[in-house]
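As stored in protein09.cif (mmCIF, C-alpha atoms and all ligand atoms):
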data_work
#
loop_
_atom_site.label_atom_id
_atom_site.label_comp_id
_atom_site.auth_asym_id
_atom_site.auth_seq_id
_atom_site.Cartn_x
_atom_site.Cartn_y
_atom_site.Cartn_z
CA MET A 1 71.57 33.53 130.33
CA SER A 2 74.64 34.59 132.24
CA VAL A 3 77.66 32.32 132.10
CA ASN A 4 79.37 31.36 135.35
CA GLY A 5 81.54 28.51 134.22
CA VAL A 6 82.56 26.61 131.07
CA PRO A 7 83.62 22.95 130.97
CA PHE A 8 86.73 21.98 129.03
CA ILE A 9 84.54 19.72 127.00
CA THR A 10 80.93 18.61 127.06
CA LEU A 11 79.34 15.99 124.84
CA ASN A 12 75.74 16.97 125.45
CA ARG A 13 75.14 19.57 122.73
CA PHE A 14 73.28 17.76 120.01
CA GLU A 15 71.10 19.18 117.27
CA ASP A 16 67.32 19.23 117.80
CA GLY A 17 65.92 15.85 116.85
CA PHE A 18 69.31 14.04 116.92
CA ARG A 19 68.46 12.03 120.04
CA GLU A 20 65.07 10.93 118.66
CA GLU A 21 66.55 9.97 115.29
CA PHE A 22 69.30 7.92 116.94
CA LEU A 23 66.94 6.13 119.31
CA SER A 24 64.51 5.33 116.51
CA GLY A 25 67.42 4.00 114.41
CA VAL A 26 68.50 1.84 117.35
CA GLU A 27 64.97 0.44 117.55
CA THR A 28 65.11 -0.55 113.89
CA LEU A 29 68.51 -2.21 114.28
CA PHE A 30 67.28 -4.00 117.41
CA ASP A 31 64.11 -5.22 115.72
CA ASN A 32 66.20 -6.50 112.79
CA THR A 33 68.83 -7.95 115.20
CA GLN A 34 71.37 -6.10 113.06
CA PHE A 35 74.18 -5.71 115.60
CA ILE A 36 77.41 -6.24 113.67
CA GLY A 37 78.00 -5.27 110.04
CA GLY A 38 75.00 -4.60 107.82
CA PRO A 39 73.68 -1.51 106.05
CA GLN A 40 74.71 1.09 108.64
CA VAL A 41 78.34 -0.07 108.56
CA ASN A 42 78.38 -0.19 104.74
CA LYS A 43 76.85 3.28 104.58
CA LEU A 44 79.40 4.65 107.06
CA GLU A 45 82.37 3.27 105.14
CA GLU A 46 81.03 4.71 101.88
CA LYS A 47 80.35 8.10 103.47
CA LEU A 48 83.76 8.27 105.12
CA ALA A 49 85.47 7.53 101.83
CA ALA A 50 83.37 10.09 99.99
CA LYS A 51 83.88 12.80 102.62
CA THR A 52 87.65 12.36 102.85
CA GLY A 53 88.26 11.60 99.19
CA ALA A 54 89.95 8.32 100.13
CA LYS A 55 89.16 5.47 97.76
CA TYR A 56 88.51 3.10 100.66
CA SER A 57 87.63 3.18 104.32
CA VAL A 58 87.18 0.35 106.83
CA GLY A 59 85.48 0.79 110.19
CA CYS A 60 87.01 -0.88 113.24
CA ALA A 61 86.69 -1.06 117.02
CA ASN A 62 88.78 1.98 118.03
CA GLY A 63 91.61 4.28 116.97
CA THR A 64 94.31 2.21 118.68
CA ASP A 65 93.30 -0.94 116.81
CA ALA A 66 93.19 1.14 113.62
CA ILE A 67 96.91 1.95 114.04
CA GLN A 68 97.76 -1.66 114.85
CA ILE A 69 95.86 -2.88 111.80
CA ALA A 70 97.55 -0.27 109.58
CA LEU A 71 100.97 -1.32 110.92
CA ARG A 72 100.25 -4.99 110.29
CA ALA A 73 98.83 -4.33 106.80
CA SER A 74 101.95 -2.27 106.02
CA GLY A 75 104.11 -5.30 106.72
CA VAL A 76 105.47 -4.26 110.12
CA GLU A 77 106.66 -7.35 111.96
CA LYS A 78 108.38 -8.45 115.14
CA ASN A 79 111.50 -6.39 115.96
CA ASP A 80 111.01 -3.89 113.14
CA VAL A 81 111.81 -0.31 114.13
CA VAL A 82 108.98 2.22 113.88
CA LEU A 83 109.43 5.97 114.42
CA VAL A 84 106.84 7.72 116.59
CA PRO A 85 106.68 11.38 117.63
CA ASP A 86 107.75 12.11 121.19
CA MET A 87 104.61 14.25 121.50
CA THR A 88 101.47 12.19 120.91
CA PHE A 89 98.95 10.12 122.84
CA TRP A 90 100.38 6.93 124.32
CA ALA A 91 98.23 4.79 121.97
CA THR A 92 100.63 5.59 119.09
CA PHE A 93 103.61 4.14 121.02
CA GLU A 94 101.51 1.29 122.41
CA ALA A 95 100.28 0.21 118.97
CA VAL A 96 103.87 -0.31 117.78
CA VAL A 97 104.70 -2.49 120.80
CA ASN A 98 101.45 -4.42 120.47
CA VAL A 99 102.38 -5.59 116.97
CA GLY A 100 105.79 -6.77 118.26
CA ALA A 101 107.79 -3.90 116.78
CA ASN A 102 110.14 -1.46 118.51
CA PRO A 103 109.36 2.25 118.75
CA ALA A 104 112.01 4.99 118.51
CA THR A 105 110.78 8.39 119.68
CA VAL A 106 111.57 11.41 117.56
CA ASP A 107 111.23 14.94 118.88
CA VAL A 108 108.80 17.51 117.47
CA SER A 109 109.37 21.15 116.56
CA ARG A 110 108.85 23.81 119.22
CA GLU A 111 107.30 26.06 116.55
CA THR A 112 104.78 23.71 114.91
CA LEU A 113 104.48 21.21 117.81
CA HIS A 114 104.68 18.46 115.15
CA TRP A 115 107.47 16.62 113.35
CA ASP A 116 109.61 18.78 111.08
CA LYS A 117 111.21 17.48 107.90
CA GLU A 118 114.83 17.94 109.05
CA THR A 119 114.43 15.95 112.27
CA PHE A 120 112.40 13.31 110.45
CA LYS A 121 115.16 12.89 107.87
CA GLU A 122 117.79 12.67 110.62
CA ALA A 123 115.69 9.95 112.32
CA VAL A 124 115.30 7.96 109.09
CA GLU A 125 119.09 8.02 108.59
CA LYS A 126 119.81 7.17 112.22
CA PHE A 127 117.28 4.38 112.83
CA LYS A 128 116.68 2.99 109.29
CA PRO A 129 113.07 2.22 110.31
CA LYS A 130 110.64 -0.10 108.55
CA ALA A 131 107.82 2.35 109.19
CA ALA A 132 106.99 5.67 110.81
CA ILE A 133 103.78 7.03 112.33
CA LEU A 134 103.18 10.66 111.47
CA VAL A 135 100.73 12.02 114.05
CA HIS A 136 98.50 15.03 113.38
CA LEU A 137 97.57 16.48 116.76
CA TYR A 138 95.13 19.14 118.01
CA GLY A 139 92.91 18.98 114.92
CA TRP A 140 95.80 20.35 112.85
CA ALA A 141 97.78 18.72 110.08
CA CYS A 142 101.52 18.48 110.54
CA PRO A 143 102.72 21.45 108.42
CA ASP A 144 105.60 19.38 106.93
CA THR A 145 103.31 16.51 105.90
CA MET A 146 104.10 16.69 102.17
CA GLU A 147 107.87 16.74 102.73
CA ILE A 148 107.67 13.94 105.28
CA ARG A 149 105.59 11.83 102.89
CA GLN A 150 108.25 12.37 100.25
CA ILE A 151 111.19 11.54 102.54
CA ALA A 152 109.42 8.35 103.62
CA GLU A 153 108.74 7.38 100.01
CA GLU A 154 112.34 8.04 98.91
CA ASN A 155 113.72 5.95 101.76
CA GLY A 156 111.32 3.01 101.51
CA VAL A 157 109.76 3.79 104.91
CA MET A 158 106.08 2.87 105.23
CA LEU A 159 104.32 5.98 106.51
CA ILE A 160 101.19 5.48 108.58
CA GLU A 161 99.34 8.65 109.52
CA ASP A 162 97.64 8.69 112.92
CA GLY A 163 94.74 11.06 112.34
CA ALA A 164 92.84 10.17 115.52
CA GLN A 165 92.27 13.89 116.10
CA CYS A 166 92.14 15.08 112.52
CA TYR A 167 88.86 14.18 110.83
CA GLY A 168 88.12 17.19 108.58
CA THR A 169 91.71 18.48 108.60
CA THR A 170 93.38 19.48 105.33
CA ILE A 171 96.81 20.09 103.85
CA ASN A 172 96.92 22.27 100.72
CA GLY A 173 93.11 22.04 100.67
CA GLU A 174 92.99 18.23 100.63
CA SER A 175 92.00 15.83 103.37
CA ILE A 176 94.86 14.37 105.38
CA LEU A 177 92.96 11.12 105.87
CA GLY A 178 92.11 10.90 102.18
CA THR A 179 95.55 11.60 100.74
CA ALA A 180 97.77 9.55 103.05
CA LYS A 181 99.11 6.21 101.87
CA ILE A 182 97.34 4.74 104.88
CA SER A 183 95.74 6.71 107.71
CA THR A 184 93.70 6.03 110.80
CA THR A 185 91.21 7.87 112.94
CA SER A 186 89.41 7.52 116.25
CA PHE A 187 85.70 8.02 116.89
CA TYR A 188 86.14 8.12 120.67
CA PRO A 189 83.16 10.24 121.82
CA ALA A 190 85.28 13.32 122.60
CA LYS A 191 86.72 13.49 119.08
CA VAL A 192 85.25 15.92 116.52
CA LEU A 193 83.43 13.02 114.90
CA GLY A 194 82.64 10.97 117.97
CA ALA A 195 80.57 7.82 118.33
CA SER A 196 78.47 6.87 121.37
CA GLY A 197 81.20 4.42 122.37
CA ASP A 198 84.56 3.28 121.02
CA ALA A 199 85.08 3.10 117.25
CA GLY A 200 87.71 3.91 114.64
CA ALA A 201 88.53 3.67 110.93
CA ILE A 202 91.35 3.11 108.48
CA PHE A 203 91.65 4.93 105.13
CA SER A 204 93.70 4.17 102.05
CA ASN A 205 93.76 4.54 98.28
CA ASP A 206 95.54 1.21 97.94
CA GLU A 207 93.17 -1.70 97.37
CA THR A 208 95.62 -4.39 98.51
CA LEU A 209 96.37 -2.56 101.77
CA ILE A 210 92.71 -1.98 102.57
CA ASN A 211 91.76 -5.58 101.77
CA THR A 212 94.39 -6.75 104.25
CA CYS A 213 92.95 -4.35 106.84
CA ARG A 214 89.46 -5.72 106.23
CA THR A 215 90.76 -9.27 106.73
CA LEU A 216 92.73 -8.37 109.87
CA ILE A 217 89.77 -6.75 111.66
CA ASN A 218 87.75 -9.93 111.21
CA HIS A 219 89.92 -12.84 112.43
CA GLY A 220 91.94 -13.00 109.22
CA ARG A 221 88.87 -14.42 107.49
CA THR A 222 88.92 -15.26 103.80
CA SER A 223 85.47 -16.82 104.16
CA HIS A 224 83.36 -17.49 107.25
CA TYR A 225 85.41 -20.45 108.51
CA SER A 226 88.59 -19.99 106.48
CA HIS A 227 91.39 -17.87 107.92
CA GLY A 228 94.27 -16.63 105.82
CA LEU A 229 95.90 -14.41 108.43
CA ILE A 230 96.21 -14.06 112.18
CA GLY A 231 93.94 -11.10 112.75
CA TRP A 232 91.69 -10.36 115.67
CA ASN A 233 88.20 -9.09 116.32
CA SER A 234 88.11 -5.36 115.76
CA ARG A 235 84.75 -4.98 114.05
CA ILE A 236 82.72 -1.82 114.47
CA GLY A 237 79.22 -2.20 115.97
CA ALA A 238 76.07 -1.24 114.04
CA TYR A 239 74.85 1.19 116.76
CA GLU A 240 78.15 3.08 116.52
CA ALA A 241 77.89 3.19 112.74
CA LEU A 242 74.34 4.54 113.01
CA PHE A 243 75.43 7.24 115.48
CA LEU A 244 78.31 8.23 113.19
CA ASN A 245 76.11 8.30 110.08
CA LEU A 246 73.71 10.68 111.81
CA SER A 247 76.62 12.77 113.15
CA LEU A 248 78.06 13.09 109.65
CA GLU A 249 74.88 14.92 108.60
CA HIS A 250 75.78 17.67 111.08
CA ILE A 251 79.56 17.55 110.95
CA ASP A 252 80.05 20.79 109.03
CA ALA A 253 78.09 22.82 111.59
CA ARG A 254 79.88 21.11 114.47
CA LEU A 255 83.32 21.81 113.03
CA ASP A 256 82.33 25.35 112.20
CA SER A 257 81.32 26.10 115.79
CA ARG A 258 84.61 24.67 117.06
CA ARG A 259 86.71 26.61 114.57
CA LYS A 260 84.90 29.80 115.59
CA ALA A 261 85.83 29.22 119.23
CA VAL A 262 89.50 28.60 118.36
CA LYS A 263 89.52 31.81 116.29
CA TYR A 264 87.76 33.77 119.04
CA TYR A 265 90.48 32.86 121.53
CA GLN A 266 93.21 33.69 119.01
CA GLU A 267 91.73 37.12 118.34
CA ASN A 268 90.83 38.03 121.89
CA LEU A 269 93.85 36.74 123.77
CA GLN A 270 96.67 38.61 122.11
CA GLY A 271 99.62 40.24 123.83
CA LEU A 272 99.44 38.01 126.92
CA PRO A 273 101.95 35.56 128.40
CA LEU A 274 99.50 32.86 127.20
CA LYS A 275 100.47 32.55 123.54
CA MET A 276 97.68 31.24 121.33
CA GLN A 277 99.06 28.94 118.63
CA SER A 278 97.76 28.92 115.08
CA VAL A 279 98.27 26.90 111.92
CA PRO A 280 100.09 28.11 108.79
CA SER A 281 97.91 29.00 105.79
CA HIS A 282 98.39 25.67 103.95
CA VAL A 283 96.88 23.78 106.91
CA GLY A 284 93.12 23.62 107.48
CA GLU A 285 92.23 22.80 111.09
CA ASN A 286 89.04 21.14 112.30
CA GLY A 287 88.68 22.98 115.63
CA TYR A 288 89.37 19.90 117.77
CA CYS A 289 91.06 22.04 120.39
CA SER A 290 92.56 25.41 121.10
CA VAL A 291 96.28 25.31 121.80
CA ALA A 292 98.30 27.82 123.77
CA LEU A 293 101.78 27.83 125.26
CA ILE A 294 102.71 29.51 128.51
CA GLU A 295 106.04 29.54 130.33
CA PRO A 296 105.87 26.45 132.58
CA VAL A 297 106.44 28.46 135.78
CA LEU A 298 103.29 30.49 135.02
CA ARG A 299 100.97 27.59 134.11
CA ASP A 300 99.90 26.55 137.63
CA GLY A 301 98.90 30.10 138.56
CA LEU A 302 96.69 30.44 135.51
CA THR A 303 95.12 27.00 135.85
CA ALA A 304 94.30 27.78 139.52
CA ALA A 305 92.51 30.96 138.37
CA LEU A 306 90.61 29.00 135.71
CA LYS A 307 89.55 26.42 138.29
CA GLU A 308 88.44 29.17 140.67
CA ALA A 309 86.22 30.59 137.90
CA ASN A 310 84.82 27.15 136.93
CA VAL A 311 86.63 27.09 133.59
CA GLY A 312 87.84 23.68 132.48
CA PHE A 313 91.14 23.28 130.64
CA GLY A 314 93.35 20.59 129.17
CA THR A 315 97.09 19.94 128.90
CA ILE A 316 97.29 17.84 125.74
CA TYR A 317 99.66 16.13 126.51
CA PRO A 318 101.31 16.59 129.91
CA GLY A 319 104.19 14.15 129.31
CA ALA A 320 106.44 13.23 126.38
CA MET A 321 106.35 9.58 125.25
CA SER A 322 110.01 9.02 126.12
CA LYS A 323 109.30 10.19 129.69
CA GLN A 324 106.50 7.67 130.33
CA GLU A 325 107.23 4.95 132.88
CA GLY A 326 106.29 2.29 130.33
CA ALA A 327 108.63 3.59 127.61
CA PRO A 328 112.22 2.50 128.44
CA ALA A 329 111.41 -1.22 128.35
CA HIS A 330 110.38 -0.92 124.68
CA SER A 331 112.05 2.12 123.16
CA VAL A 332 115.07 1.45 120.95
CA GLY A 333 116.26 5.02 120.98
CA SER A 334 115.28 8.62 120.61
CA ILE A 335 116.08 11.96 119.08
CA ASP A 336 115.44 14.34 121.92
CA HIS A 337 115.97 18.08 121.63
CA GLY A 338 113.90 18.70 124.75
CA ASN A 339 111.01 20.15 122.72
CA ALA A 340 108.32 17.58 123.49
CA ASP A 341 109.27 17.79 127.16
CA TYR A 342 109.03 21.60 127.08
CA ILE A 343 105.68 21.55 125.22
CA SER A 344 104.25 19.08 127.72
CA LYS A 345 104.99 21.55 130.52
CA ALA A 346 103.90 24.65 128.59
CA VAL A 347 100.76 23.56 126.76
CA LEU A 348 97.32 24.71 127.82
CA ASN A 349 94.02 24.04 126.05
CA LEU A 350 91.00 26.24 126.67
CA PRO A 351 87.39 24.96 126.44
CA CYS A 352 86.36 23.85 122.98
CA PHE A 353 83.47 21.64 121.94
CA ALA A 354 80.66 21.52 119.39
CA TYR A 355 78.27 24.45 119.75
CA ILE A 356 80.24 26.27 122.44
CA THR A 357 78.72 29.77 122.47
CA GLU A 358 80.40 33.13 121.97
CA GLU A 359 79.29 34.09 125.52
CA GLU A 360 81.14 31.08 126.87
CA CYS A 361 84.29 31.97 124.92
CA GLU A 362 83.97 35.56 126.12
CA TYR A 363 83.72 34.38 129.75
CA VAL A 364 86.86 32.24 129.33
CA CYS A 365 88.77 35.18 127.80
CA GLN A 366 87.64 37.48 130.58
CA VAL A 367 88.93 35.09 133.24
CA VAL A 368 92.31 34.79 131.46
CA LYS A 369 92.63 38.57 130.97
CA ASN A 370 91.60 39.33 134.56
CA TYR A 371 94.24 36.94 135.82
CA PHE A 372 97.04 38.63 133.86
CA SER A 373 95.85 42.14 134.70
CA LYS A 374 96.31 41.61 138.43
C1 LIG B 401 96.74 10.77 118.63
C2 LIG B 401 95.90 9.62 119.06
N1 LIG B 401 96.19 8.38 118.62
C3 LIG B 401 95.45 7.32 118.93
C4 LIG B 401 94.34 7.43 119.75
C5 LIG B 401 93.59 6.20 120.14
O1 LIG B 401 92.25 6.21 119.78
P1 LIG B 401 91.20 5.34 120.60
O2 LIG B 401 91.01 5.97 121.93
O3 LIG B 401 89.95 5.38 119.76
O4 LIG B 401 91.74 3.95 120.71
C6 LIG B 401 93.98 8.70 120.24
C7 LIG B 401 92.79 8.83 121.09
O5 LIG B 401 92.71 9.54 122.03
C8 LIG B 401 94.78 9.82 119.89
O6 LIG B 401 94.48 11.04 120.33
#
What would you get if you wrote out this structure as structure tokens?
Amino acid sequence: MSVNGVPFITLNRFEDGFREEFLSGVETLFDNTQFIGGPQVNKLEEKLAAKTGAKYSVGCANGTDAIQIALRASGVEKNDVVLVPDMTFWATFEAVVNVGANPATVDVSRETLHWDKETFKEAVEKFKPKAAILVHLYGWACPDTMEIRQIAEENGVMLIEDGAQCYGTTINGESILGTAKISTTSFYPAKVLGASGDAGAIFSNDETLINTCRTLINHGRTSHYSHGLIGWNSRIGAYEALFLNLSLEHIDARLDSRRKAVKYYQENLQGLPLKMQSVPSHVGENGYCSVALIEPVLRDGLTAALKEANVGFGTIYPGAMSKQEGAPAHSVGSIDHGNADYISKAVLNLPCFAYITEEECEYVCQVVKNYFSK
């Protein structure tokens, strides 16, 4: 089959039999009127804990709620200051504001595209925050994770790790989600472990923290009609849990195919103005996306050529948090070295999804190389 276009992402590549298994599972849940909670949710939480090595995991409605719940469980309250990276998805910033706290944006490194320990330390000294949200983007782990965890610990800063994009990602061979004090993920369908709708989870090794999370996602309930906290409804649905349980049976193959694509681009697109980024050896990536940087003045020309050849692409993310229209009303300050702003103008993501083929990657590389050879 000859390739004449590749989407940036497609969600329609499932394993043989996946659809039938899911639909038959839905029938069972329907017949048992098992819509919220129940065996599929219990099984998912157990599996997530086992797979990540976290002692506990709690499913919830989405990755944004997961951050809000983690912030609340960590004791973040009205007017507390919380550090967030200037390069992340808006949900990280939003979650802080939604719990009544005040975000301060802290720039990322131009080399690792994540927080670095020096800037993090500077931010802790400058803002004296109650908490900080370390974000692991692109299916990578922040390379300075261990140092940042230590700085947070030494300074009494609650560190919440937003791992919306990092299911399956490791640092020194261990799961980010499983080793963080408290971490969160998103099962938005386009994530590496996606549900068939919105869903998310929180992970921790601390029983008290996770019990608070479990209470918060369910109206602060201590028993059915007793409420010990002001929580909200952020329960995960049984159909989503079923879909995720079935997906977990195939997750290794899915991640493998993604990692292969990322590697293919890295190996086949060398020596070009489009610089493929890679992770240092102590970081294990999950293949969520391929990341490249290109001088901003060259990006539009290349993206026009990709469009012309029916190749989809992403710019994750095209604007720093501090530059968003909604930011100034809530931000209490920033450390801005211009890096997040530069990255937002220079980043380019090539197609990457589960079971993308080598022919598709080859087509993408050919289009990129042809463009630069003109
Ligand atoms: C870094 C990051 N944080 C938080 C979220 C929010 O997750 P959700 O869309 O499930 O609410 C996302 C999702 O795109 C994300 O990429």
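One distance worth recording is that between CA of Tyr363 (chain A) and CA of Phe313 (chain A), which is 13.4 Å.
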Which chains and residue numbers are within 8 Å of ligand LIG 401 (chain B), counting only C-alpha atoms and all ligand atoms, if I want them as an mmCIF file with C-alpha atoms, in the frame of the given file?
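selection_28.cif was written with the following content:
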data_model
loop_
_atom_site.group_PDB
_atom_site.id
_atom_site.type_symbol
_atom_site.label_atom_id
_atom_site.label_comp_id
_atom_site.auth_asym_id
_atom_site.auth_seq_id
_atom_site.Cartn_x
_atom_site.Cartn_y
_atom_site.Cartn_z
ATOM 1 C CA ALA A 61 86.690 -1.060 117.020
ATOM 2 C CA ASN A 62 88.780 1.980 118.030
ATOM 3 C CA GLY A 63 91.610 4.280 116.970
ATOM 4 C CA THR A 64 94.310 2.210 118.680
ATOM 5 C CA ASP A 65 93.300 -0.940 116.810
ATOM 6 C CA ALA A 66 93.190 1.140 113.620
ATOM 7 C CA ILE A 67 96.910 1.950 114.040
ATOM 8 C CA THR A 88 101.470 12.190 120.910
ATOM 9 C CA PHE A 89 98.950 10.120 122.840
ATOM 10 C CA TRP A 90 100.380 6.930 124.320
ATOM 11 C CA ALA A 91 98.230 4.790 121.970
ATOM 12 C CA THR A 92 100.630 5.590 119.090
ATOM 13 C CA VAL A 135 100.730 12.020 114.050
ATOM 14 C CA HIS A 136 98.500 15.030 113.380
ATOM 15 C CA LEU A 137 97.570 16.480 116.760
ATOM 16 C CA ASP A 162 97.640 8.690 112.920
ATOM 17 C CA GLY A 163 94.740 11.060 112.340
ATOM 18 C CA ALA A 164 92.840 10.170 115.520
ATOM 19 C CA GLN A 165 92.270 13.890 116.100
ATOM 20 C CA THR A 185 91.210 7.870 112.940
ATOM 21 C CA SER A 186 89.410 7.520 116.250
ATOM 22 C CA PHE A 187 85.700 8.020 116.890
ATOM 23 C CA TYR A 188 86.140 8.120 120.670
ATOM 24 C CA LYS A 191 86.720 13.490 119.080
ATOM 25 C CA ASP A 198 84.560 3.280 121.020
ATOM 26 C CA ALA A 199 85.080 3.100 117.250
ATOM 27 C CA GLY A 200 87.710 3.910 114.640
#
Please identify every residue of region 228-287 of chain A that has at least one atom no farther than 12 Å from an atom of region 44-52 of chain A, counting only C-alpha atoms, and for each give the shortest atom pair and the distance in Å to one decimal, arranged by chain then increasing number, as CSV.
residue,atom,partner,partner_atom,distance
A:Ile236,CA,A:Leu44,CA,10.4
A:Gly237,CA,A:Leu44,CA,11.2
A:Ala238,CA,A:Leu44,CA,9.7
A:Tyr239,CA,A:Leu44,CA,11.3
A:Glu240,CA,A:Leu44,CA,9.7
A:Ala241,CA,A:Leu44,CA,6.1
A:Leu242,CA,A:Leu44,CA,7.8
A:Phe243,CA,A:Leu44,CA,9.7
A:Leu244,CA,A:Leu44,CA,7.2
A:Asn245,CA,A:Leu44,CA,5.8
A:Leu246,CA,A:Leu44,CA,9.6
A:Ser247,CA,A:Leu44,CA,10.5
A:Leu248,CA,A:Lys47,CA,8.3
A:Glu249,CA,A:Lys47,CA,10.1
A:Ile251,CA,A:Lys51,CA,10.5
A:Asp252,CA,A:Lys51,CA,10.9
- Residues at most 9 Å from Leu302 (chain A), counting only C-alpha atoms, excluding those fewer than 4 positions away in the same chain, as a PyMOL selection string? chain A and resi 298+306-307+368+371-372
- Message: Between CA of Gln68 (chain A) and CA of Met146 (chain A), what is the distance in Å, rounded to a tenth?
- Response: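 Taking CA of Gln68 (chain A) as the start and CA of Met146 (chain A) as the end point, the length is 23.2 Å.
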- Leaving out Leu113 (chain A) and any residue of its chain fewer than 5 positions from it, which residues lie within 12 Å of it when counting only C-alpha atoms, given as number ranges by chain? A: 85-88, 107-108, 135-138, 140-144, 277-279, 291-293, 316-317, 320, 338-344, 346-347
- Query: If you count all atoms listed in the file, which residues fall within 10 Å of Leu159 (chain A), apart from same-chain ones fewer than 6 positions away, as a ChimeraX atom specification?
  - Reply: /A:70-71,74,82-83,130-134,148-153,180-183
- Message: Calculated over all atoms listed in the file, which of the candidates A:Asn349, A:Thr184, A:Ser373, A:Thr179 has the smallest distance to Leu272 (chain A)?
- Response: A:Ser373
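Comparing A:Lys126, A:Lys260, A:Lys369, A:His282 by their smallest distance to Tyr355 (chain A), the closest is A:Lys260 (using all atoms listed in the file).
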- Could you tell me which of A:Ser226, A:Ser281, A:Thr112, A:Ser290 comes closest to Leu269 (chain A) if we count all atoms listed in the file? A:Ser290
- Message: If I take CA of Gly156 (chain A) and CA of Lys128 (chain A), how far is one from the other in Å, to one decimal?
- Response: 9.4 Å
- Message: Calculated over all atoms listed in the file, which of the candidates A:Gly301, A:Gly139, A:Pro351, A:Gly220 has the smallest distance to Ile69 (chain A)?
- Response: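 Checking each candidate against Ile69 (chain A), we get A:Gly220 as the closest.
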- Message: Restricting the calculation to all atoms listed in the file: of A:Leu11, A:Ile217, A:Val192, A:Ile335, which residue gets closest to Val124 (chain A)?
- Response: A:Ile335
Quick test: take region 66-82 of chain A, keep N, CA and C atoms, and write it as a PDB file, in the first residue's frame.
ATOM      1  N   ALA A  66      -7.622  15.634  38.373  1.00  0.00           N
ATOM      2  CA  ALA A  66      -6.591  14.894  39.118  1.00  0.00           C
ATOM      3  C   ALA A  66      -5.597  15.874  39.755  1.00  0.00           C
ATOM      4  N   ILE A  67      -5.212  16.915  39.014  1.00  0.00           N
ATOM      5  CA  ILE A  67      -4.270  17.912  39.566  1.00  0.00           C
ATOM      6  C   ILE A  67      -4.947  18.691  40.696  1.00  0.00           C
ATOM      7  N   GLN A  68      -6.199  19.082  40.468  1.00  0.00           N
ATOM      8  CA  GLN A  68      -6.910  19.844  41.502  1.00  0.00           C
ATOM      9  C   GLN A  68      -7.054  19.028  42.788  1.00  0.00           C
ATOM     10  N   ILE A  69      -7.361  17.760  42.629  1.00  0.00           N
ATOM     11  CA  ILE A  69      -7.520  16.879  43.793  1.00  0.00           C
ATOM     12  C   ILE A  69      -6.171  16.734  44.511  1.00  0.00           C
ATOM     13  N   ALA A  70      -5.109  16.543  43.737  1.00  0.00           N
ATOM     14  CA  ALA A  70      -3.771  16.389  44.330  1.00  0.00           C
ATOM     15  C   ALA A  70      -3.367  17.668  45.073  1.00  0.00           C
ATOM     16  N   LEU A  71      -3.700  18.824  44.501  1.00  0.00           N
ATOM     17  CA  LEU A  71      -3.390  20.101  45.169  1.00  0.00           C
ATOM     18  C   LEU A  71      -4.153  20.201  46.483  1.00  0.00           C
ATOM     19  N   ARG A  72      -5.447  19.893  46.429  1.00  0.00           N
ATOM     20  CA  ARG A  72      -6.268  19.981  47.641  1.00  0.00           C
ATOM     21  C   ARG A  72      -5.773  18.995  48.702  1.00  0.00           C
ATOM     22  N   ALA A  73      -5.492  17.755  48.279  1.00  0.00           N
ATOM     23  CA  ALA A  73      -5.038  16.734  49.240  1.00  0.00           C
ATOM     24  C   ALA A  73      -3.696  17.125  49.845  1.00  0.00           C
ATOM     25  N   SER A  74      -2.888  17.894  49.084  1.00  0.00           N
ATOM     26  CA  SER A  74      -1.571  18.321  49.567  1.00  0.00           C
ATOM     27  C   SER A  74      -1.666  19.529  50.488  1.00  0.00           C
ATOM     28  N   GLY A  75      -2.876  20.002  50.717  1.00  0.00           N
ATOM     29  CA  GLY A  75      -3.064  21.104  51.666  1.00  0.00           C
ATOM     30  C   GLY A  75      -2.982  22.482  51.040  1.00  0.00           C
ATOM     31  N   VAL A  76      -3.053  22.553  49.720  1.00  0.00           N
ATOM     32  CA  VAL A  76      -3.005  23.874  49.061  1.00  0.00           C
ATOM     33  C   VAL A  76      -4.350  24.563  49.253  1.00  0.00           C
ATOM     34  N   GLU A  77      -4.277  25.813  49.721  1.00  0.00           N
ATOM     35  CA  GLU A  77      -5.502  26.543  50.050  1.00  0.00           C
ATOM     36  C   GLU A  77      -5.503  27.900  49.378  1.00  0.00           C
ATOM     37  N   LYS A  78      -6.596  28.622  49.612  1.00  0.00           N
ATOM     38  CA  LYS A  78      -6.786  29.948  49.041  1.00  0.00           C
ATOM     39  C   LYS A  78      -5.554  30.827  49.278  1.00  0.00           C
ATOM     40  N   ASN A  79      -5.113  31.476  48.202  1.00  0.00           N
ATOM     41  CA  ASN A  79      -3.996  32.436  48.229  1.00  0.00           C
ATOM     42  C   ASN A  79      -2.606  31.833  48.417  1.00  0.00           C
ATOM     43  N   ASP A  80      -2.510  30.520  48.516  1.00  0.00           N
ATOM     44  CA  ASP A  80      -1.177  29.904  48.533  1.00  0.00           C
ATOM     45  C   ASP A  80      -0.519  30.106  47.160  1.00  0.00           C
ATOM     46  N   VAL A  81       0.800  30.175  47.170  1.00  0.00           N
ATOM     47  CA  VAL A  81       1.519  30.301  45.890  1.00  0.00           C
ATOM     48  C   VAL A  81       1.953  28.915  45.423  1.00  0.00           C
ATOM     49  N   VAL A  82       1.720  28.638  44.149  1.00  0.00           N
ATOM     50  CA  VAL A  82       2.107  27.354  43.557  1.00  0.00           C
ATOM     51  C   VAL A  82       2.918  27.619  42.283  1.00  0.00           C
TER      52      VAL A  82
END
